Structure formats: C-alpha cells, structure tokens
Amino acid sequence: MRKAIIAGNWKMNKTPDEAKALVTDLIPWVKDAACDMVVCVPAVCFQAVKEAVRGTNIHLGAQNVHFAEKGAYTGELSAEMLRAVGVEYVIIGHSERRQYFGETDITVNKRVRAAVRGGLTPIVCVGEKKDEREAGYTDAIVEYQTRMALTGLSADEVKNIVIAYEPVWAIGTGLTATDGQANETIGVIRRAVARLYGEDTAAAVRIQYGGSMNPGNVKGLMAQPEIDGGLIGGASLKAPDFTQVVLFDR
Ligand code: 13P
C-alpha cells in the first residue's frame, strides 16, 4: 500500500514573508493529514519556510538541483547545499524547465542521480504535449522519459523516488486529464518501471498526477488506483485550496 504524497510547486511565486504567512496559515489545517506533504518553494524562501514548518508534518522541497557537487555553474545549487538548509525533496525535469531552460532527458537524468546520491528525494516530472497526445504518442513519450530519467539508478533507489505525470497541456490551463486518462498513463509509467526494475519496485514507487489539480477534481483523481498523489501548482498558492487538496480523503 503506497502512502499518498501531495506536493505544492510554488514555481516563481512568494517572497520569504509571503511564504512564511502561507505555511503558517496552512499548518493548523493540515496537521492531521493522512498523506505526506511537501512544499517546493523558491530558494530565497527556504529559510523562512524551514523555520515555520519545524516540528510539523510539512516537508521542504526545492524546484531544481544541479548535477555537479560544486564548481563554476553560475546560478545553480548543489544537492549538498539544499540538504544543508533543510531541503528533503526536489522537483526535477518540470516541463517549464524543459521548455524554457533547455532541460533535456539527459540533464534530467544527471540531476536525478545527483539528487539521489546527495540524499534528496527527487520528484521527477514526465508528460506529453498536446500534439503528442493527439497524434497517439503519449505512452511512447512517457515511457521514454521515464527510462531516461531513471538510467543508472538501482531498484532500491527507484523505490524511494517520486514520479509526477504532468501532461504539459494540463499545466496552468485549467484543463485536467480525465480521471481515466491520468490513471491509464500513470499505469503506463508504472509498467515501464516494472520492466526495468521488477514488479516490487513498480509497486513501491509513488506516481503523482499534476496539471490543474484542485479542490474540485482531487477526489476523483485520487480515487484512481494508480494515482498516488498530486503535484499542485496554482492551487498550492492559497492555504484554503491547498488544504482541501491535501485533505482529499475527508
Ligand atoms: P497547475 O496546478 O497550476 O496546473 O500546475 C501544475 C504544475 O505544473 C505542478 O508542477
């Protein structure tokens, strides 16, 4: 039985003061949540959020990590640096990074390996674009992205990572994959993991859905057997909305 995991991806939103206010609002509402809970915040907010969530069930996440241990990589942060300020999870390969910042399946894989070896739990994003779904390539795309992202990891390492299936056409658009589409494609990803690492690993790895997940659609999505959680953008920026998503089982 996999424990659900709901993560907020704040993207490029919130100053440290705003971040502190948001998590401080959230804490009492979500303190009895049955799922694991993560907020992936901008790096400037790590300190404020870390202090605010100390001793609570909210975990701190980042939105990217570099693959080198250190060196001449202007603007980047290493796994060791993230760990040092209390980061436990890190989103890798988000479609916005693939689209706007030249992230490829190879750099995604390098970042995933660096995260795992550096003691962080990656939340690895995969997902097809609109034209790819319409042309019938969804399964091939997510399978390829999954195989690439996991290359070089052991079965035990894969068991502990999180994969997020985020159809690109559903991100920030208000369009959501139907419960059935999300469940089916996550099933494709799980079978890809099974072929690479065996049934035990595939049964253990947690796979989230992401893309316009909100209080209105979370129950239906989370009722699907393959869906183990959500990666939430817009709805994670307001405490009442994120609370309702996190408490999807109430
Ligand atoms: P939205 O929930 O705003 O569609 O964003 C989803 C997402 O990209 C989470 O990583």
# chains A, B, ... in the order shown; residues from 1 in each chain; ligands from 1
call {"tool": "residues_near_ligand", "arguments": {"ligand": "ligand 1", "cutoff": "7 Å", "atoms": "only C-alpha atoms and all ligand atoms", "output": "list in words"}}
result
Asn9, His94, Glu166, Ala170, Ile171, Gly172, Thr173, Gly174, Gly210, Gly211, Ser212, Met213, Leu231, Ile232, Gly233, Gly234 and Ala235 of chain A
call {"tool": "select_by_dssp", "arguments": {"residues": "segment 24-75 of chain A", "states": "strand (DSSP E or B)", "output": "list in words"}}
result
Asp36, Met37, Val38, Val39, Cys40, Ile58, His59, Leu60, Gly61 and Ala62 of chain A
call {"tool": "residues_around", "arguments": {"residues": "Thr107 of chain A", "least_positions_apart": "4", "cutoff": "12 Å", "atoms": "only C-alpha atoms", "output": "JSON, numbers by chain"}}
result
{"A": [64, 65, 66, 67, 68, 92, 93, 94, 97, 98, 101, 102, 103, 111, 112, 113, 114, 124, 145, 148, 149, 150, 151]}
call {"tool": "write_last_selection", "arguments": {"atoms": "N, CA and C atoms", "output": "short mmCIF file (atom, residue, chain, number, x, y, z; two decimals), in the first residue's frame"}}
result
data_model
loop_
_atom_site.label_atom_id
_atom_site.label_comp_id
_atom_site.auth_asym_id
_atom_site.auth_seq_id
_atom_site.Cartn_x
_atom_site.Cartn_y
_atom_site.Cartn_z
N ASN A 64 14.65 22.58 -8.27
CA ASN A 64 15.70 22.12 -9.19
C ASN A 64 16.95 21.84 -8.36
N VAL A 65 17.87 21.06 -8.93
CA VAL A 65 19.17 20.83 -8.30
C VAL A 65 20.19 20.61 -9.42
N HIS A 66 21.41 21.07 -9.20
CA HIS A 66 22.44 20.83 -10.21
C HIS A 66 23.07 19.46 -10.02
N PHE A 67 23.70 18.95 -11.09
CA PHE A 67 24.25 17.59 -11.00
C PHE A 67 25.69 17.54 -10.50
N ALA A 68 26.38 18.67 -10.53
CA ALA A 68 27.76 18.66 -10.02
C ALA A 68 27.77 18.87 -8.51
N ILE A 92 12.44 17.69 -10.36
CA ILE A 92 13.43 17.63 -11.44
C ILE A 92 12.71 17.39 -12.78
N GLY A 93 13.12 18.15 -13.78
CA GLY A 93 12.58 17.93 -15.12
C GLY A 93 11.18 18.45 -15.33
N HIS A 94 10.79 19.45 -14.55
CA HIS A 94 9.46 20.05 -14.79
C HIS A 94 9.39 20.55 -16.23
N ARG A 97 10.92 23.82 -17.08
CA ARG A 97 12.38 23.82 -17.21
C ARG A 97 12.79 23.21 -18.56
N ARG A 98 12.06 22.20 -18.98
CA ARG A 98 12.37 21.60 -20.29
C ARG A 98 12.08 22.61 -21.39
N PHE A 101 14.24 26.42 -20.31
CA PHE A 101 15.63 26.45 -19.84
C PHE A 101 16.48 25.32 -20.39
N GLY A 102 16.04 24.75 -21.49
CA GLY A 102 16.89 23.79 -22.20
C GLY A 102 17.14 22.48 -21.48
N GLU A 103 16.28 22.15 -20.52
CA GLU A 103 16.43 20.86 -19.82
C GLU A 103 16.14 19.72 -20.79
N ARG A 111 20.61 15.12 -13.06
CA ARG A 111 20.12 15.77 -11.83
C ARG A 111 19.48 14.74 -10.90
N VAL A 112 18.74 13.79 -11.47
CA VAL A 112 18.11 12.77 -10.63
C VAL A 112 19.18 11.96 -9.89
N ARG A 113 20.21 11.57 -10.61
CA ARG A 113 21.28 10.80 -9.95
C ARG A 113 21.95 11.60 -8.86
N ALA A 114 22.23 12.89 -9.15
CA ALA A 114 22.89 13.73 -8.14
C ALA A 114 21.99 13.91 -6.92
N VAL A 124 10.33 13.48 -10.04
CA VAL A 124 10.73 13.56 -11.45
C VAL A 124 9.51 13.73 -12.33
N GLN A 145 10.72 9.01 -21.45
CA GLN A 145 11.18 9.98 -20.43
C GLN A 145 11.46 9.27 -19.11
N MET A 148 14.74 7.20 -19.41
CA MET A 148 15.88 8.12 -19.40
C MET A 148 16.14 8.67 -18.00
N ALA A 149 15.08 9.11 -17.34
CA ALA A 149 15.24 9.76 -16.03
C ALA A 149 15.84 8.81 -15.01
N LEU A 150 15.52 7.51 -15.13
CA LEU A 150 15.94 6.56 -14.10
C LEU A 150 17.25 5.85 -14.43
N THR A 151 17.82 6.11 -15.60
CA THR A 151 19.03 5.40 -16.02
C THR A 151 20.13 5.53 -14.97
#
call {"tool": "closest_atom_pairs", "arguments": {"of": "segment 151-223 of chain A", "to": "segment 23-42 of chain A", "cutoff": "12 Å", "atoms": "only C-alpha atoms", "output": "Markdown table"}}
result
| residue | atom | partner | partner_atom | distance |
| --- | --- | --- | --- | --- |
| A:Val162 | CA | A:Asp36 | CA | 11.6 |
| A:Arg206 | CA | A:Asp36 | CA | 11.2 |
| A:Gln208 | CA | A:Asp36 | CA | 12.0 |
| A:Met222 | CA | A:Cys35 | CA | 11.4 |
call {"tool": "write_last_selection", "arguments": {"atoms": "all heavy atoms", "output": "compact mmCIF listing (two decimals), in the first residue's frame"}}
result
# COMPACT_ATOMS: atom_id res chain seq x y z
N VAL A 162 9.93 9.76 -6.31
CA VAL A 162 8.55 10.09 -6.68
C VAL A 162 8.57 10.49 -8.16
O VAL A 162 9.48 11.20 -8.59
CB VAL A 162 8.01 11.25 -5.82
CG1 VAL A 162 6.59 11.63 -6.24
CG2 VAL A 162 8.07 10.91 -4.34
N ARG A 206 6.06 5.83 -5.94
CA ARG A 206 4.85 6.66 -5.90
C ARG A 206 4.79 7.56 -7.14
O ARG A 206 5.77 8.22 -7.47
CB ARG A 206 4.81 7.47 -4.61
CG ARG A 206 4.66 6.54 -3.41
CD ARG A 206 4.44 7.29 -2.14
NE ARG A 206 5.63 7.99 -1.69
CZ ARG A 206 5.69 8.72 -0.57
NH1 ARG A 206 4.60 8.85 0.17
NH2 ARG A 206 6.80 9.32 -0.22
N GLN A 208 2.66 10.60 -8.94
CA GLN A 208 1.65 11.65 -8.77
C GLN A 208 1.06 12.05 -10.12
O GLN A 208 1.68 11.87 -11.16
CB GLN A 208 2.29 12.92 -8.19
CG GLN A 208 2.93 12.75 -6.83
CD GLN A 208 3.73 13.99 -6.45
OE1 GLN A 208 4.46 14.56 -7.27
NE2 GLN A 208 3.62 14.40 -5.20
N MET A 222 -7.75 11.09 -7.08
CA MET A 222 -7.13 10.28 -6.03
C MET A 222 -7.84 8.94 -5.81
O MET A 222 -7.30 8.05 -5.17
CB MET A 222 -7.04 11.07 -4.72
CG MET A 222 -6.04 12.22 -4.75
SD MET A 222 -4.35 11.69 -5.16
CE MET A 222 -3.96 10.64 -3.76
call {"tool": "atom_distance", "arguments": {"atom1": "atom CA of Val193 of chain A", "atom2": "atom CA of Lys159 of chain A"}}
result
9.7 Å
call {"tool": "residues_around", "arguments": {"residues": "Gly198 of chain A", "least_positions_apart": "5", "cutoff": "12 Å", "atoms": "only C-alpha atoms", "output": "PyMOL selection string"}}
result
chain A and resi 154-156+158-159+190-193+203-205
call {"tool": "write_last_selection", "arguments": {"atoms": "all heavy atoms", "output": "PDB file, in the first residue's frame"}}
result
ATOM      1  N   SER A 154      19.620   2.218  -9.008  1.00  0.00           N
ATOM      2  CA  SER A 154      19.330   0.842  -8.601  1.00  0.00           C
ATOM      3  C   SER A 154      17.845   0.722  -8.262  1.00  0.00           C
ATOM      4  O   SER A 154      17.156   1.728  -8.067  1.00  0.00           O
ATOM      5  CB  SER A 154      20.155   0.483  -7.358  1.00  0.00           C
ATOM      6  OG  SER A 154      19.661   1.217  -6.248  1.00  0.00           O
ATOM      7  N   ALA A 155      17.370  -0.519  -8.166  1.00  0.00           N
ATOM      8  CA  ALA A 155      15.958  -0.737  -7.818  1.00  0.00           C
ATOM      9  C   ALA A 155      15.638  -0.105  -6.466  1.00  0.00           C
ATOM     10  O   ALA A 155      14.587   0.510  -6.287  1.00  0.00           O
ATOM     11  CB  ALA A 155      15.647  -2.237  -7.800  1.00  0.00           C
ATOM     12  N   ASP A 156      16.546  -0.242  -5.504  1.00  0.00           N
ATOM     13  CA  ASP A 156      16.275   0.345  -4.177  1.00  0.00           C
ATOM     14  C   ASP A 156      16.182   1.861  -4.254  1.00  0.00           C
ATOM     15  O   ASP A 156      15.380   2.474  -3.543  1.00  0.00           O
ATOM     16  CB  ASP A 156      17.365  -0.063  -3.176  1.00  0.00           C
ATOM     17  CG  ASP A 156      17.134  -1.474  -2.671  1.00  0.00           C
ATOM     18  OD1 ASP A 156      16.001  -1.979  -2.812  1.00  0.00           O
ATOM     19  OD2 ASP A 156      18.091  -2.072  -2.144  1.00  0.00           O
ATOM     20  N   VAL A 158      15.197   3.552  -6.903  1.00  0.00           N
ATOM     21  CA  VAL A 158      13.950   3.894  -7.614  1.00  0.00           C
ATOM     22  C   VAL A 158      12.732   3.753  -6.698  1.00  0.00           C
ATOM     23  O   VAL A 158      11.789   4.542  -6.777  1.00  0.00           O
ATOM     24  CB  VAL A 158      13.800   3.026  -8.882  1.00  0.00           C
ATOM     25  CG1 VAL A 158      12.422   3.213  -9.517  1.00  0.00           C
ATOM     26  CG2 VAL A 158      14.890   3.382  -9.883  1.00  0.00           C
ATOM     27  N   LYS A 159      12.768   2.781  -5.796  1.00  0.00           N
ATOM     28  CA  LYS A 159      11.639   2.573  -4.867  1.00  0.00           C
ATOM     29  C   LYS A 159      11.317   3.834  -4.076  1.00  0.00           C
ATOM     30  O   LYS A 159      10.180   4.057  -3.696  1.00  0.00           O
ATOM     31  CB  LYS A 159      11.976   1.466  -3.859  1.00  0.00           C
ATOM     32  CG  LYS A 159      11.657   0.090  -4.362  1.00  0.00           C
ATOM     33  CD  LYS A 159      11.953  -0.969  -3.314  1.00  0.00           C
ATOM     34  CE  LYS A 159      11.828  -2.332  -3.972  1.00  0.00           C
ATOM     35  NZ  LYS A 159      12.537  -3.381  -3.284  1.00  0.00           N
ATOM     36  N   ARG A 190       4.131   3.056 -14.668  1.00  0.00           N
ATOM     37  CA  ARG A 190       4.430   2.012 -13.680  1.00  0.00           C
ATOM     38  C   ARG A 190       4.894   0.734 -14.369  1.00  0.00           C
ATOM     39  O   ARG A 190       5.808   0.051 -13.920  1.00  0.00           O
ATOM     40  CB  ARG A 190       3.214   1.756 -12.775  1.00  0.00           C
ATOM     41  CG  ARG A 190       3.583   1.055 -11.473  1.00  0.00           C
ATOM     42  CD  ARG A 190       2.397   0.833 -10.528  1.00  0.00           C
ATOM     43  NE  ARG A 190       1.709   2.042 -10.129  1.00  0.00           N
ATOM     44  CZ  ARG A 190       2.169   2.931  -9.239  1.00  0.00           C
ATOM     45  NH1 ARG A 190       3.329   2.739  -8.651  1.00  0.00           N
ATOM     46  NH2 ARG A 190       1.476   4.017  -8.951  1.00  0.00           N
ATOM     47  N   ARG A 191       4.277   0.408 -15.499  1.00  0.00           N
ATOM     48  CA  ARG A 191       4.703  -0.801 -16.212  1.00  0.00           C
ATOM     49  C   ARG A 191       6.109  -0.630 -16.794  1.00  0.00           C
ATOM     50  O   ARG A 191       6.888  -1.583 -16.871  1.00  0.00           O
ATOM     51  CB  ARG A 191       3.682  -1.179 -17.293  1.00  0.00           C
ATOM     52  CG  ARG A 191       2.430  -1.807 -16.698  1.00  0.00           C
ATOM     53  CD  ARG A 191       1.540  -2.470 -17.736  1.00  0.00           C
ATOM     54  NE  ARG A 191       0.952  -1.520 -18.675  1.00  0.00           N
ATOM     55  CZ  ARG A 191      -0.113  -0.752 -18.397  1.00  0.00           C
ATOM     56  NH1 ARG A 191      -0.694  -0.831 -17.213  1.00  0.00           N
ATOM     57  NH2 ARG A 191      -0.596   0.075 -19.296  1.00  0.00           N
ATOM     58  N   ALA A 192       6.444   0.622 -17.178  1.00  0.00           N
ATOM     59  CA  ALA A 192       7.815   0.876 -17.651  1.00  0.00           C
ATOM     60  C   ALA A 192       8.810   0.638 -16.507  1.00  0.00           C
ATOM     61  O   ALA A 192       9.874   0.037 -16.710  1.00  0.00           O
ATOM     62  CB  ALA A 192       7.929   2.300 -18.184  1.00  0.00           C
ATOM     63  N   VAL A 193       8.459   1.078 -15.314  1.00  0.00           N
ATOM     64  CA  VAL A 193       9.321   0.844 -14.144  1.00  0.00           C
ATOM     65  C   VAL A 193       9.424  -0.659 -13.876  1.00  0.00           C
ATOM     66  O   VAL A 193      10.508  -1.183 -13.584  1.00  0.00           O
ATOM     67  CB  VAL A 193       8.783   1.596 -12.900  1.00  0.00           C
ATOM     68  CG1 VAL A 193       9.598   1.244 -11.658  1.00  0.00           C
ATOM     69  CG2 VAL A 193       8.789   3.114 -13.129  1.00  0.00           C
ATOM     70  N   ALA A 203       5.648  -1.538  -7.754  1.00  0.00           N
ATOM     71  CA  ALA A 203       4.546  -1.468  -6.788  1.00  0.00           C
ATOM     72  C   ALA A 203       4.857  -0.472  -5.668  1.00  0.00           C
ATOM     73  O   ALA A 203       3.954   0.018  -4.995  1.00  0.00           O
ATOM     74  CB  ALA A 203       4.272  -2.848  -6.198  1.00  0.00           C
ATOM     75  N   ALA A 204       6.149  -0.187  -5.469  1.00  0.00           N
ATOM     76  CA  ALA A 204       6.541   0.698  -4.362  1.00  0.00           C
ATOM     77  C   ALA A 204       6.628   2.161  -4.784  1.00  0.00           C
ATOM     78  O   ALA A 204       6.369   3.065  -3.984  1.00  0.00           O
ATOM     79  CB  ALA A 204       7.898   0.247  -3.800  1.00  0.00           C
ATOM     80  N   VAL A 205       7.005   2.414  -6.034  1.00  0.00           N
ATOM     81  CA  VAL A 205       7.283   3.800  -6.435  1.00  0.00           C
ATOM     82  C   VAL A 205       5.976   4.603  -6.472  1.00  0.00           C
ATOM     83  O   VAL A 205       4.938   4.117  -6.933  1.00  0.00           O
ATOM     84  CB  VAL A 205       8.030   3.852  -7.797  1.00  0.00           C
ATOM     85  CG1 VAL A 205       7.138   3.422  -8.952  1.00  0.00           C
ATOM     86  CG2 VAL A 205       8.593   5.236  -8.061  1.00  0.00           C
TER      87      VAL A 205
END
